[in-house]
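Presented below is the structure to which this report refers.
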Amino acid sequence: EGWITGVQLASLSMYHHQDPTHFVEQFAGTDRYVMEYLVDEVLSRQPPRVRSFLMRTAVLDQVCASLAEALMEIVIQDSSQPAGDEAITVTNEAGLPVEEILETIRHANLFLIPLDTEANWYRYHHLFQSLLKHWLQTHCSAQDIAALHAQASRWLAAHGYIEPALDHTLAAGDLEQAARLVERDRHKLLNKGQVTILAQWVEKLPEALIEQRPALLLARAWVHRHRHGAWSSGYSTLLPQIEALLRSQPPTPEVETLWGELYSLQSGLSYFQGDGQRAISMAEQALLKTPTHQAFVRGNTVVNLAIAYRLVGRGEEAKRELIKALDENYEQSPTYVLRLYTPLNTVYLGSADFNRLAHTAAYQLKLAEKEGLIIEVGWGNLFCGGVAYEQNDLAAAAHYFLRVIERPYSVEFLSYSEAAYGLIMTYIALDELDQANWVVDQLVETMLAQNRQPAPLLADWLQVRSVLRKGDVRAARHLALPPTFEPDQESMMGLMDGPGRTLAKLRLAQRTESSLAEAALMLQQLLSVADACFNIWRKIEILAMQALVDDAQGANDKALDRLTEAVTLARPGGVIRTFVDLGPNLAPLLQVLATRKIAPDYIASILAAFPVSELPAPSAPPRDNSPAPELIEPLTDRELEILELLVQRYSNKEIANRLVISPFTVKKHTTNIYQKLQVKGRRQAVTKAKAFDLLPNGH
């Protein structure tokens with residue numbers, strides 16, 4: 001590119017020389033020297049107004065006629081021209097109009113590249129612009145160049161191009177104006193969910209400037225919350241710094257608005273610290289001080305208020321507050337509306353109202369995609385995935401969860417991590433542990449990239465869910481977890497179990513006398529927390545786990561009573577996976593309830609989600625003497641061997657290790673098995689194999 005540019009510059013220079021050979025013989029020195037010499041040759045032979053145009057627009061990455069005209073109004077001193085020359089103080093009162101100058105430059109092949117089909121915006125070839133900038137710095141004072149940057153900034157800011165305006169303001173050395181630009185437009189970015197762009201703006205500013213201005217620190221706090229969450233240590237230390245700075249400010253209306261913003265952030269922090277009453281108080285004060293045009297802040301505040309209501313057991317108030325906020329006739333931006341749908345969906349999730357959640361989550365996702373609000377797209381996909389998973393549509397669940405984890409740096413981390421947990425659960429349900437471990441690796445990699453500490457129990461949680469799901473008592477007894485159990489600190493809303501529920505599930509899966517006694521005590525405490533938080537979804541799971549403990553301890557009637565309560569709470573919302581994920585030991589208890597005519601159709605839908613191999617054999621079915629169906633092609637010995645391992649729920653990798661073959665070969669054999677049995681997956685293959693009587697006794 002450099003040589004091509006140089007050749008073109010040389011041809012432009014030679015055009016004006018009577019002796020081209022002598023001109024070429026003058027070249028000496030480095031490539032850079034030659035290029036600068038050629039630029040000087042080309043520019044010195046341009047009409048004064050064209051040369052003046054090129055000098056002034058050298059500071060621009062993109063140029064249009066109106067912007068160039070604004071720069072032409074700035075008086076600069078060109079040291080290459082004598083005093084009084086037209087190039088010193090060119091204005092628009094004489095000479096070529098700017099539009100004609102652009103055309104002149106374009107037809108002269110001076111490296112001007114159109115950026116749109118209407119030829120409104122142009123840029124210079126990057127190498128030519130670099131040379132122009134160097135030429136400008138050589139021939140003009142730093143003060144004149146700063147004046148050009150300042151004028152460019154004013155024009156760009158007035159026309160809504162804030163980020164390039166900010167760059168020019170900083171280049172002009174006007175830090176006060178740079179701060180005002182970010183402070184003025186930061187809420188526009190927040191309202192559009194463009195937190196990443198806001199982060200880029202703030203990072204351009206000097207640290208000393210940020211620390212002097214509470215509005216800039218608040219912008220940084222929103223960015224930190226987006227990237228690291230309200231529970232991070234950096235976030236909790238940033239808020240007192242803002243508060244101290246605000247206390248030193250006079251009580252103007254602008255400062256009162258900043259207090260409202262701080263109260264909103266403090267409300268979120270109080271919630272994650274488990275202080276529901278303070279979270280409510282801070283949110284209420286924030287709503288009084290935050291103007292309606294700050295849609296993101298108000299939406300975030302109502303979110304904090306609603307989840308804090310749930311934390312203190314006022315779930316119905318949370319729902320009413322959210323619906324009221326949606327109905328109020330604010331200057332509602334899509335961001336404001338969508339921020340409210342996230343806590344409303346959380347309320348429906350906690351209420352185990354998955355039918356209503358399916359409707360509101362789909363609406364949230366549709367509106368977020370229409371408006372291009374990536375943060376809310378993440379939340380919409382997460383909730384849609386949660387509904388699909390709970391109602392056992394595992395393919396749809398994987399689709400929605402994957403759409404979130406594909407954008408780890410665009411969505412909020414909380415939605416990203418929850419989607420990752422949901423996808424792990426989905427792969428466990430599909431018996432694809434290799435894929436589940438891949439998601440764990442992706443999650444850990446993202447957390448480390450964002451300077452987060454990966455959850456210490458992440459791998460343990462994955463193992464516990466897996467052994468509980470399979471009813472693998474031996475594997476469960478080989479697992480060990482820290483005996484930490486603090487039910488008051490237990491998160492009840494996330495897809496990933498907290499340490500308390502993880503430990504309780506492990507003790508349940510181990511099925512020893514002492515482990516069951518521990519599980520019973522833990523579950524009773526967790527049930528109290530779920531009741532206090534008005535969390536029906538978690539209460540359903542805890543009741544079902546208590547039923548399993550009672551059954552294992554021989555208290556069958558008590559177990560059935562608890563399970564009846566769980567089924568009664570779960571039936572309206574169509575809860576499925578919460579029961580299935582507790583493993584095969586729950587299926588016989590559910591069958592007993594069905595025989596007692598307790599929600600038999602609903603229980604049938606739950607039992608249908610269990611693998612056939614995990615269901616108890618029906619009692620004394622009538623013998624079918626009809627001939628067994630025939631295969632379209634017999635299975636080979638190797639295929640029968642692999643089929644038997646599929647029944648035992650081995651993964652492809654485990655089968656490969658056991659048979660000392662490659663995973664690719666296993667995949668090829670399973671594909672042949674599915675084709676011969678005319679099925680689509682391993683579960684259907686197992687069912688069909690039993691129908692064909694292909695399995696040895698005991699399977």
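Just remember, in the structure tokens the first chain shown is A, the second B, etc., residues are 1-based per chain, and ligands are 1-based in the order shown.
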
What lies within 10 Å of Asn120 of chain A using only C-alpha atoms, ignoring chain neighbours under 4 positions off, as a list in words? Val63, Cys64, Ala65, Ser66, Glu99, Pro114, Leu115 and Asp116 of chain A

For atom CA of Val202 of chain A and atom CA of Val182 of chain A, quote the distance in Å rounded to one decimal.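 Between atom CA of Val202 of chain A and atom CA of Val182 of chain A the gap works out to 7.3 Å.
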
Contacts of segment 542-549 of chain A at 6 Å or less, counting only C-alpha atoms, minus same-chain residues fewer than 5 places along, as a ChimeraX atom specification? /A:559,562-563,566

All helix (DSSP H, G or I) positions in segment 451-682 of chain A, as number ranges by chain: A: 458-470, 473-477, 487-489, 499-510, 513-532, 536-552, 556-573, 577-580, 586-595, 600-607, 612-614, 637-647, 652-659, 663-677, 682

Minimum-distance residue to Leu468 of chain A, chosen among A:Pro584, A:Pro48, A:Gly313, A:Pro240 (using only C-alpha atoms):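 For Leu468 of chain A, the nearest of the given residues is A:Pro584.
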
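The gap separating atom CA of Gln294 of chain A from atom CA of Lys192 of chain A is 10.8 Å, in Å to one decimal.
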
Shell around segment 314-324 of chain A at 12 Å using only C-alpha atoms, local window under 2 positions removed, as a PyMOL selection string: chain A and resi 276-277+280+284+298-312+326-330+336-351+360+530-536

Long-range neighbours of Ala70 of chain A as a VMD selection string, 12 Å cut-off, only C-alpha atoms, 3 positions minimum in chain: chain A and resid 53 56 to 57 63 to 67 73 to 75 90 to 92 98 147 to 156 158
